[in-house]
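Working notes, beginning with the structure itself.
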Amino acid sequence: MDVVLRRYRTEQQVSDVWETRERVVVALTGGRESETVLRRAARIAKRSGGADLMAVHVLRGDGLAATGVGAADRVRRMAEGVGASFHTVVGESVDDALLDFARGANATQLVLGTSRRSRLARVFAPGIGARVVQESGPIDVHMVTHSAAGRALRLPRLRNGLPAGRQALGWVTAVLAPAAATVIGIALTDWVDLSTDVVLYFLATVLAALAGGLGPALLAALLGGLLLNFFLSSPLYSLAIANPGNVITVSTMLLVGVLVALVVDRAARRAEQAVRARAEAALLASFARTVLTRSDPLPRLLDRVRETWALQSVALLEQGEDRVWRRVACTGDAGACDRPEKADVDVVVDEGLHLVGTGRALPAADRRLLEVVGGQALLALRGQRAEAGAADAERRAAANETRGALLSAVGHDLCSPLTSIKAAAGSLRDEHLPLGPDDRAELLATVEESADRLTGLVDNLLDSSRLAAGAVTPLLAPVGYDEVAATALLGLEGADRVRVEIDEDLPDVLADAGLLDRVLANVVDNALRHGGTEVVLRASAYSDRVELRVVDRGRGVAPRERDALFAAFQRLGDRDATSGLGLGLSVAQGLTVVMGGELTAEDTPGGGPTVVISLPAAPVGAAR
C-alpha cells in the first residue's frame with residue numbers, strides 16, 4: 001500500500017507528506033558524529049512504535065567528497081547494524097537533497113546532527129540544519145548534539161543557480177565592464193559629466209549581474225565605485241571621498257547589483273527547473289511508450305534506464321518466500337546486482353520487489369523520477385505474468401477440451417468395435433447356438449471389420465501424438481500422385497465411389513511416399529464418410545508446386561469453420577459419434593506440413609468442399 005501511495009504522489013506531483021505511518025529518515029555525513037546521530041534516530045524510531053528507519057548519505061554533486069573515501073561503506077555498515085535501510089543520493093545542495101529524499105520517502109521525522117561549523121561561520125550562513133528546519137514543512141526535524149558540534153571553521157558557500165561557464169563569464173565581465181566604463185568616462189571627460197559616468201558604472205554592474213549572478217555583481221559594484229572615485233570624481237587619483245553623495249552612489253550601485261543578481265538567479269533556477277520538467281516528461285513518455293508498445297517491454301525498459309542515468313547495470317530483484325533475492329530481469333553486468341544492499345541505487349517498487357542499479361549514486365530528484373519508472377516496471381512485470389498466466393490457462397483449457405473430446409470420442413469409438421468383436425466372438429464360441437456356414441462367415445467378417453476400425457483409430461492416435469512431439473521425420477523423394485492414389489484407395493470402404501483424374505505426365509512431388517499415402521487415405525476416407533455419392537481426385541501443376549484436389553459434392557463448409565475443419569477431435573456437422581475420432585484431417589494436415597506442404601479447404605464449384613494437398617515439385621531429373 002505504501003508503494004502504491006508513493007507512486008501516486010510522485011505521478012500527481014504531490015510534494016506534501018501524507019502521514020500514513022511513521023517513517024524516520026536520518027542524515028549521516030560519515031564523520032565522527034554519525035554513530036551518535038544514528039543511535040539517537042534508532043531510539044526515536046523505536047519509541048514511535050517500530051517506525052521504518054532509513055539512513056541517507058548525501059554526496060556532493062560536484063564530485064568533491066566532504067568525508068573520506070570509505071565514508072559511505074562505513075555508514076552503510078552502521079545502518080545495517082541498527083536495522084536501517086541505507087540510501088545514497090547526490091545533490092548540489094545538501095539540505096535540498098535531504099528534503100527531496102524525505103518527501104519522496106513520505107517521511108514523518110528527519111534526524112540530523114547539529115552543525116560542526118563555528119559560530120563565526122554561522123553568522124554568514126545559518127547552515128544546513130537551520131535551512132532544513134525552515135523548509136521542512138510538516139516533517140518533524142530532530143537536531144542531535146554531539147562532541148564535534150561547533151568546532152569546525154568553514155567559510156559560507158555561495159549558492160548560484162547559473163552554470164559554471166556562465167559564472168566564469170560573469171567574473172570576467174565584473175572586471176572588464178567597470179574598466180571599460182572608466183576608459184569611456186576618461187575619454188569623454190570634456191563632453192559628459194559625473195552623472196553620465198555613474199550611469200555607465202550602473203550599466204557595468206547590471207551586465208555583470210546578468211552574466212554571472214550575485215558574486216560578479218558585487219565585485220562589479222565595488223570595483224566600479226572605487227574606479228569612479230579614483231579616476232572621475234574630485235579629488236582625482238585619490239580614494240578620498242570629497243562628496244558624500246558618492247557614498248550613496250556606490251551603495252546604490254551595490255543594491256542594484258544585488259537586486260538584479262537575485263532576479264537573474266531566480267530566473268535561472270526557474271529556467272533550469274522548467275528544462276528538467278520537460279526532460280522528465282519526455283523520459284516518462286518514452287518509458288511509457290516502451291511499456292505499452294513492446295511485446296516484452298521489461299528488458300528494454302531496464303536498458304533505457306541504464307542508458308539514461310549512465311549506470312553500469314540495472315536489475316529488478318524479487319524476494320521469494322525463502323527470503324532469497326532473485327533477478328526477474330537484468331541489463332548490463334548481471335553479476336553486479338544480486339542484492340539491494342550492494343546496489344548504488346535502490347528503489348522499492350513493491351513489497352519484496354526492488355529496482356536496483358550499480359555504477360554511481362543518483363541525485364534525490366532522479367530517485368523520485370526513478371520511482372515512477374519502477375511503477376512502470378511493475379506494470380510491465382504484471383502484464384508479462386498476466387499474459388503468461390492467460391497463455392497457460394488457454395493451454396490448460398485447450399488440453400482439457402482435447403482430453404474431454406478424446407474421452408468422449410474414445411468412449412464410443414473404441415467401445416463400439418470392441419462390443420461388436422465381443423458379441424461376434426461370444427456367438428462363435430457358443431456350442432448351443434446353431435450357426436450355419438453363412439452365419440459364421442458373417443460373424444468373422446464383423447470381427448475383422450471391427451478390428452480394422454480399431455487399427456485405424458489407434459494409428460491416428462499414435463500419429464497425432466508423434467506429430468505433437470515432433471517425432472515424425474519424413475524421407476523425402478520424388479513420387480507421383482497417380483502412384484500414391486492407387487495405393488491409398490486400397491482397403492478403403494467405398495473406394496468404388498472414387499474417380500481418379502490424374503494426368504500421368506504431371507511432375508512428381510517431393511514427399512515421403514508412406515506419409516503421403518496416409519494423408520490421401522485420411523482425406524479420401526473423410527470425403528467418403530461425409531461427402532456426396534462420388535469423390536473425384538484431380539491434380540495440377542502451378543509454378544513450383546503440384547496440387548492434388550479431393551472434390552466431393554457433399555455439404556459445404558462455411559469460411560469461418562475451415563480452420564476448425566483440421567482441428568483435432570472435430571467432426572463438423574456430425575449428428576452422431578459413429579464416424580471416428582475426428583483425427584483424420586488433423587493428422588493429414590500435420591503430416592503434410594512435415595513434408596513441407598500445405599493442406600487447405602476451398603469451395604467446390606456447384607457446392608461441396610474441396611481439400612487441396614499442395615506439395616513442392618521434385619527437381620527435374622531427380623532419382624526416385
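Simple scheme: letters A, B, ... for chains in C-alpha cells order, numbers from 1 for residues in each chain, numbers from 1 for ligands in the order shown.
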Within 7 Å of Ser614 in chain A, counting only C-alpha atoms, which residues qualify if same-chain residues fewer than 4 places away don't, as a PyMOL selection string?
-> chain A and resi 545-548+597-599
I need the chosen residues saved as a PDB file, in the first residue's frame, with all heavy atoms.
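Contents of again-v1.pdb, as written:
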```
ATOM      1  N   ARG A 545       4.864 -25.791 -57.451  1.00  0.00           N
ATOM      2  CA  ARG A 545       4.046 -26.645 -56.609  1.00  0.00           C
ATOM      3  C   ARG A 545       3.170 -27.536 -57.479  1.00  0.00           C
ATOM      4  O   ARG A 545       2.823 -27.206 -58.617  1.00  0.00           O
ATOM      5  CB  ARG A 545       3.124 -25.817 -55.695  1.00  0.00           C
ATOM      6  CG  ARG A 545       3.765 -24.649 -54.999  1.00  0.00           C
ATOM      7  CD  ARG A 545       4.576 -25.076 -53.805  1.00  0.00           C
ATOM      8  NE  ARG A 545       3.751 -25.568 -52.717  1.00  0.00           N
ATOM      9  CZ  ARG A 545       4.247 -25.870 -51.525  1.00  0.00           C
ATOM     10  NH1 ARG A 545       5.570 -25.734 -51.298  1.00  0.00           N
ATOM     11  NH2 ARG A 545       3.487 -26.331 -50.561  1.00  0.00           N
ATOM     12  N   VAL A 546       2.811 -28.705 -56.943  1.00  0.00           N
ATOM     13  CA  VAL A 546       1.876 -29.615 -57.593  1.00  0.00           C
ATOM     14  C   VAL A 546       0.746 -29.865 -56.596  1.00  0.00           C
ATOM     15  O   VAL A 546       1.000 -30.261 -55.451  1.00  0.00           O
ATOM     16  CB  VAL A 546       2.531 -30.937 -58.004  1.00  0.00           C
ATOM     17  CG1 VAL A 546       1.522 -31.822 -58.727  1.00  0.00           C
ATOM     18  CG2 VAL A 546       3.745 -30.675 -58.885  1.00  0.00           C
ATOM     19  N   GLU A 547      -0.502 -29.619 -57.033  1.00  0.00           N
ATOM     20  CA  GLU A 547      -1.645 -29.682 -56.144  1.00  0.00           C
ATOM     21  C   GLU A 547      -2.554 -30.851 -56.509  1.00  0.00           C
ATOM     22  O   GLU A 547      -2.826 -31.102 -57.688  1.00  0.00           O
ATOM     23  CB  GLU A 547      -2.444 -28.366 -56.198  1.00  0.00           C
ATOM     24  CG  GLU A 547      -1.637 -27.162 -55.710  1.00  0.00           C
ATOM     25  CD  GLU A 547      -2.420 -25.870 -55.831  1.00  0.00           C
ATOM     26  OE1 GLU A 547      -3.447 -25.875 -56.560  1.00  0.00           O
ATOM     27  OE2 GLU A 547      -2.032 -24.867 -55.203  1.00  0.00           O
ATOM     28  N   LEU A 548      -3.008 -31.540 -55.461  1.00  0.00           N
ATOM     29  CA  LEU A 548      -3.967 -32.633 -55.627  1.00  0.00           C
ATOM     30  C   LEU A 548      -5.247 -32.231 -54.909  1.00  0.00           C
ATOM     31  O   LEU A 548      -5.237 -31.929 -53.713  1.00  0.00           O
ATOM     32  CB  LEU A 548      -3.416 -33.926 -55.031  1.00  0.00           C
ATOM     33  CG  LEU A 548      -4.361 -35.133 -55.056  1.00  0.00           C
ATOM     34  CD1 LEU A 548      -4.728 -35.512 -56.492  1.00  0.00           C
ATOM     35  CD2 LEU A 548      -3.751 -36.321 -54.328  1.00  0.00           C
ATOM     36  N   GLY A 597       4.545 -29.179 -47.149  1.00  0.00           N
ATOM     37  CA  GLY A 597       3.386 -28.844 -47.967  1.00  0.00           C
ATOM     38  C   GLY A 597       2.314 -28.128 -47.177  1.00  0.00           C
ATOM     39  O   GLY A 597       2.496 -27.735 -46.028  1.00  0.00           O
ATOM     40  N   GLU A 598       1.161 -27.977 -47.804  1.00  0.00           N
ATOM     41  CA  GLU A 598       0.015 -27.319 -47.193  1.00  0.00           C
ATOM     42  C   GLU A 598      -1.230 -28.142 -47.466  1.00  0.00           C
ATOM     43  O   GLU A 598      -1.378 -28.743 -48.533  1.00  0.00           O
ATOM     44  CB  GLU A 598      -0.174 -25.904 -47.748  1.00  0.00           C
ATOM     45  CG  GLU A 598       0.974 -24.950 -47.453  1.00  0.00           C
ATOM     46  CD  GLU A 598       0.741 -23.583 -48.089  1.00  0.00           C
ATOM     47  OE1 GLU A 598      -0.242 -23.454 -48.860  1.00  0.00           O
ATOM     48  OE2 GLU A 598       1.521 -22.662 -47.810  1.00  0.00           O
ATOM     49  N   LEU A 599      -2.130 -28.145 -46.488  1.00  0.00           N
ATOM     50  CA  LEU A 599      -3.422 -28.811 -46.644  1.00  0.00           C
ATOM     51  C   LEU A 599      -4.492 -27.782 -46.323  1.00  0.00           C
ATOM     52  O   LEU A 599      -4.588 -27.288 -45.187  1.00  0.00           O
ATOM     53  CB  LEU A 599      -3.540 -30.011 -45.701  1.00  0.00           C
ATOM     54  CG  LEU A 599      -4.776 -30.902 -45.906  1.00  0.00           C
ATOM     55  CD1 LEU A 599      -4.728 -31.594 -47.258  1.00  0.00           C
ATOM     56  CD2 LEU A 599      -4.898 -31.938 -44.792  1.00  0.00           C
TER      57      LEU A 599
END
```
Selection near range 339-347 of chain A, 7 Å with only C-alpha atoms, sequence-local residues under 3 positions removed, as an MDAnalysis selection string = chainID A and resid 88 325 354:362 371
Straight-line distance linking CA of Asp430 in chain A with CA of Ala451 in chain A, stated in Å to one decimal = 20.7 Å
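Residue nearest Val82 in chain A, chosen from A:Asp482, A:Gly165, A:Leu53, A:Gly185 and counting only C-alpha atoms: A:Leu53.
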Range 327-435 of chain A: residues DSSP assigns to helix (DSSP H, G or I), reported as an MDAnalysis selection string = chainID A and resid 334:336 340:342 364:413 415:429
Mind checking which residues fall within 6 Å of Leu353 in chain A, counting only C-alpha atoms, ignoring those fewer than 4 positions away in the same chain, and posting them as a PyMOL selection string?
-> chain A and resi 317-318+349
Please write the residues from the selection above to a file, keeping all heavy atoms, as a PDB file, in the first residue's frame.
```
ATOM      1  N   LEU A 317      14.862  -6.942  -8.817  1.00  0.00           N
ATOM      2  CA  LEU A 317      15.056  -8.055  -7.883  1.00  0.00           C
ATOM      3  C   LEU A 317      13.761  -8.347  -7.146  1.00  0.00           C
ATOM      4  O   LEU A 317      13.038  -7.423  -6.738  1.00  0.00           O
ATOM      5  CB  LEU A 317      16.158  -7.724  -6.877  1.00  0.00           C
ATOM      6  CG  LEU A 317      17.536  -7.374  -7.434  1.00  0.00           C
ATOM      7  CD1 LEU A 317      18.518  -7.126  -6.306  1.00  0.00           C
ATOM      8  CD2 LEU A 317      18.049  -8.474  -8.355  1.00  0.00           C
ATOM      9  N   GLU A 318      13.486  -9.635  -6.957  1.00  0.00           N
ATOM     10  CA  GLU A 318      12.287 -10.059  -6.239  1.00  0.00           C
ATOM     11  C   GLU A 318      12.688 -11.015  -5.133  1.00  0.00           C
ATOM     12  O   GLU A 318      13.509 -11.918  -5.335  1.00  0.00           O
ATOM     13  CB  GLU A 318      11.298 -10.728  -7.193  1.00  0.00           C
ATOM     14  CG  GLU A 318       9.964 -11.052  -6.542  1.00  0.00           C
ATOM     15  CD  GLU A 318       8.968 -11.580  -7.552  1.00  0.00           C
ATOM     16  OE1 GLU A 318       9.404 -12.225  -8.527  1.00  0.00           O
ATOM     17  OE2 GLU A 318       7.756 -11.359  -7.381  1.00  0.00           O
ATOM     18  N   VAL A 349       9.987  -0.857  -5.329  1.00  0.00           N
ATOM     19  CA  VAL A 349       8.890  -0.823  -6.297  1.00  0.00           C
ATOM     20  C   VAL A 349       7.612  -1.363  -5.680  1.00  0.00           C
ATOM     21  O   VAL A 349       6.539  -0.786  -5.832  1.00  0.00           O
ATOM     22  CB  VAL A 349       9.268  -1.625  -7.556  1.00  0.00           C
ATOM     23  CG1 VAL A 349       8.116  -1.662  -8.538  1.00  0.00           C
ATOM     24  CG2 VAL A 349      10.505  -1.034  -8.212  1.00  0.00           C
TER      25      VAL A 349
END
```
Residues near Ala513 in chain A, cut-off 8 Å, only C-alpha atoms, skip fewer than 4 positions along chain, as an NGL selection string = :A and (476-477 or 479 or 484 or 517)
Could you save the residues just selected, with C-alpha atoms, as a short mmCIF file (atom, residue, chain, number, x, y, z; two decimals), in the first residue's frame?
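Below is the file result-v4.cif, written as the result:
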```
data_model
loop_
_atom_site.label_atom_id
_atom_site.label_comp_id
_atom_site.auth_asym_id
_atom_site.auth_seq_id
_atom_site.Cartn_x
_atom_site.Cartn_y
_atom_site.Cartn_z
CA LEU A 476 11.65 -37.10 -48.99
CA ALA A 477 11.95 -38.50 -52.52
CA VAL A 479 6.83 -39.66 -56.06
CA VAL A 484 0.05 -42.77 -54.31
CA ASP A 517 -0.32 -42.40 -48.64
#
```
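Atom pair CA of Asp452 in chain A / CA of Ala423 in chain A: separated by 16.2 Å.
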Hey, which of A:Val37, A:Val24, A:Ala51, A:Ala168 ends up closest to Ala102 in chain A? Count only C-alpha atoms.
->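 Ranking A:Val37, A:Val24, A:Ala51, A:Ala168 by distance to Ala102 in chain A, first place goes to A:Val24.
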Do a neighbour search on range 380-394 of chain A at 12 Å with only C-alpha atoms, toss out local chain neighbours closer than 3 positions, and write the hits as an MDAnalysis selection string.
-> chainID A and resid 287:302 316:318 328:329 349:350 353 355 373:377 397:402
What does the file look like for those residues with C-alpha atoms, as a CSV table (one decimal), in the first residue's frame?
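Below is the file that was written, result.csv:
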```csv
chain,number,residue,atom,x,y,z
A,287,PHE,CA,9.3,4.8,-20.9
A,288,ALA,CA,5.5,4.5,-21.0
A,289,ARG,CA,5.6,4.1,-24.8
A,290,THR,CA,8.2,1.2,-24.3
A,291,VAL,CA,5.9,-0.5,-21.8
A,292,LEU,CA,2.7,-0.1,-23.9
A,293,THR,CA,4.1,-1.0,-27.4
A,294,ARG,CA,6.7,-3.7,-26.7
A,295,SER,CA,5.7,-7.3,-26.5
A,296,ASP,CA,8.4,-8.0,-23.9
A,297,PRO,CA,9.0,-4.5,-22.5
A,298,LEU,CA,10.8,-5.2,-19.3
A,299,PRO,CA,14.4,-5.8,-20.7
A,300,ARG,CA,14.1,-2.8,-23.0
A,301,LEU,CA,12.8,-0.6,-20.1
A,302,LEU,CA,15.7,-1.5,-17.9
A,316,LEU,CA,14.7,-5.9,-11.0
A,317,LEU,CA,15.1,-8.1,-7.9
A,318,GLU,CA,12.3,-10.1,-6.2
A,328,VAL,CA,13.5,-11.0,-12.5
A,329,ALA,CA,15.2,-9.1,-15.3
A,349,VAL,CA,8.9,-0.8,-6.3
A,350,ASP,CA,6.6,-3.1,-4.3
A,353,LEU,CA,10.4,-6.1,-5.3
A,355,LEU,CA,14.7,-1.7,-8.8
A,373,VAL,CA,9.9,4.2,-13.7
A,374,GLY,CA,9.7,1.5,-11.0
A,375,GLY,CA,6.0,1.7,-11.2
A,376,GLN,CA,6.1,1.2,-14.9
A,377,ALA,CA,8.4,-1.7,-14.5
A,397,ALA,CA,-8.3,-25.1,-21.4
A,398,ALA,CA,-7.3,-26.5,-24.8
A,399,ALA,CA,-5.8,-29.5,-23.1
A,400,ASN,CA,-8.9,-30.1,-21.1
A,401,GLU,CA,-11.1,-29.6,-24.2
A,402,THR,CA,-8.9,-32.0,-26.1
```
Hey, what's within 10 Å of Asp366 in chain A if we count only C-alpha atoms and toss same-chain stuff fewer than 6 positions away? As a PyMOL selection string, please?
-> chain A and resi 89-91+280+309
Deliver the residues from the most recent selection as a file, using N, CA, C and O atoms, as a short mmCIF file (atom, residue, chain, number, x, y, z; two decimals), in the first residue's frame.
```cif
data_model
loop_
_atom_site.label_atom_id
_atom_site.label_comp_id
_atom_site.auth_asym_id
_atom_site.auth_seq_id
_atom_site.Cartn_x
_atom_site.Cartn_y
_atom_site.Cartn_z
N VAL A 89 22.34 9.49 -2.01
CA VAL A 89 21.82 10.41 -3.01
C VAL A 89 22.88 11.46 -3.31
O VAL A 89 23.81 11.69 -2.53
N VAL A 90 22.74 12.09 -4.47
CA VAL A 90 23.67 13.13 -4.91
C VAL A 90 22.89 14.44 -5.01
O VAL A 90 21.76 14.46 -5.48
N GLY A 91 23.50 15.53 -4.56
CA GLY A 91 22.83 16.81 -4.64
C GLY A 91 23.79 17.97 -4.57
O GLY A 91 24.79 17.92 -3.85
N GLU A 280 12.03 15.38 -17.92
CA GLU A 280 11.41 14.29 -17.18
C GLU A 280 10.12 13.83 -17.86
O GLU A 280 9.85 12.63 -17.94
N TRP A 309 20.62 7.06 -17.16
CA TRP A 309 21.36 7.51 -15.98
C TRP A 309 22.81 7.01 -15.96
O TRP A 309 23.47 7.12 -14.92
#
```
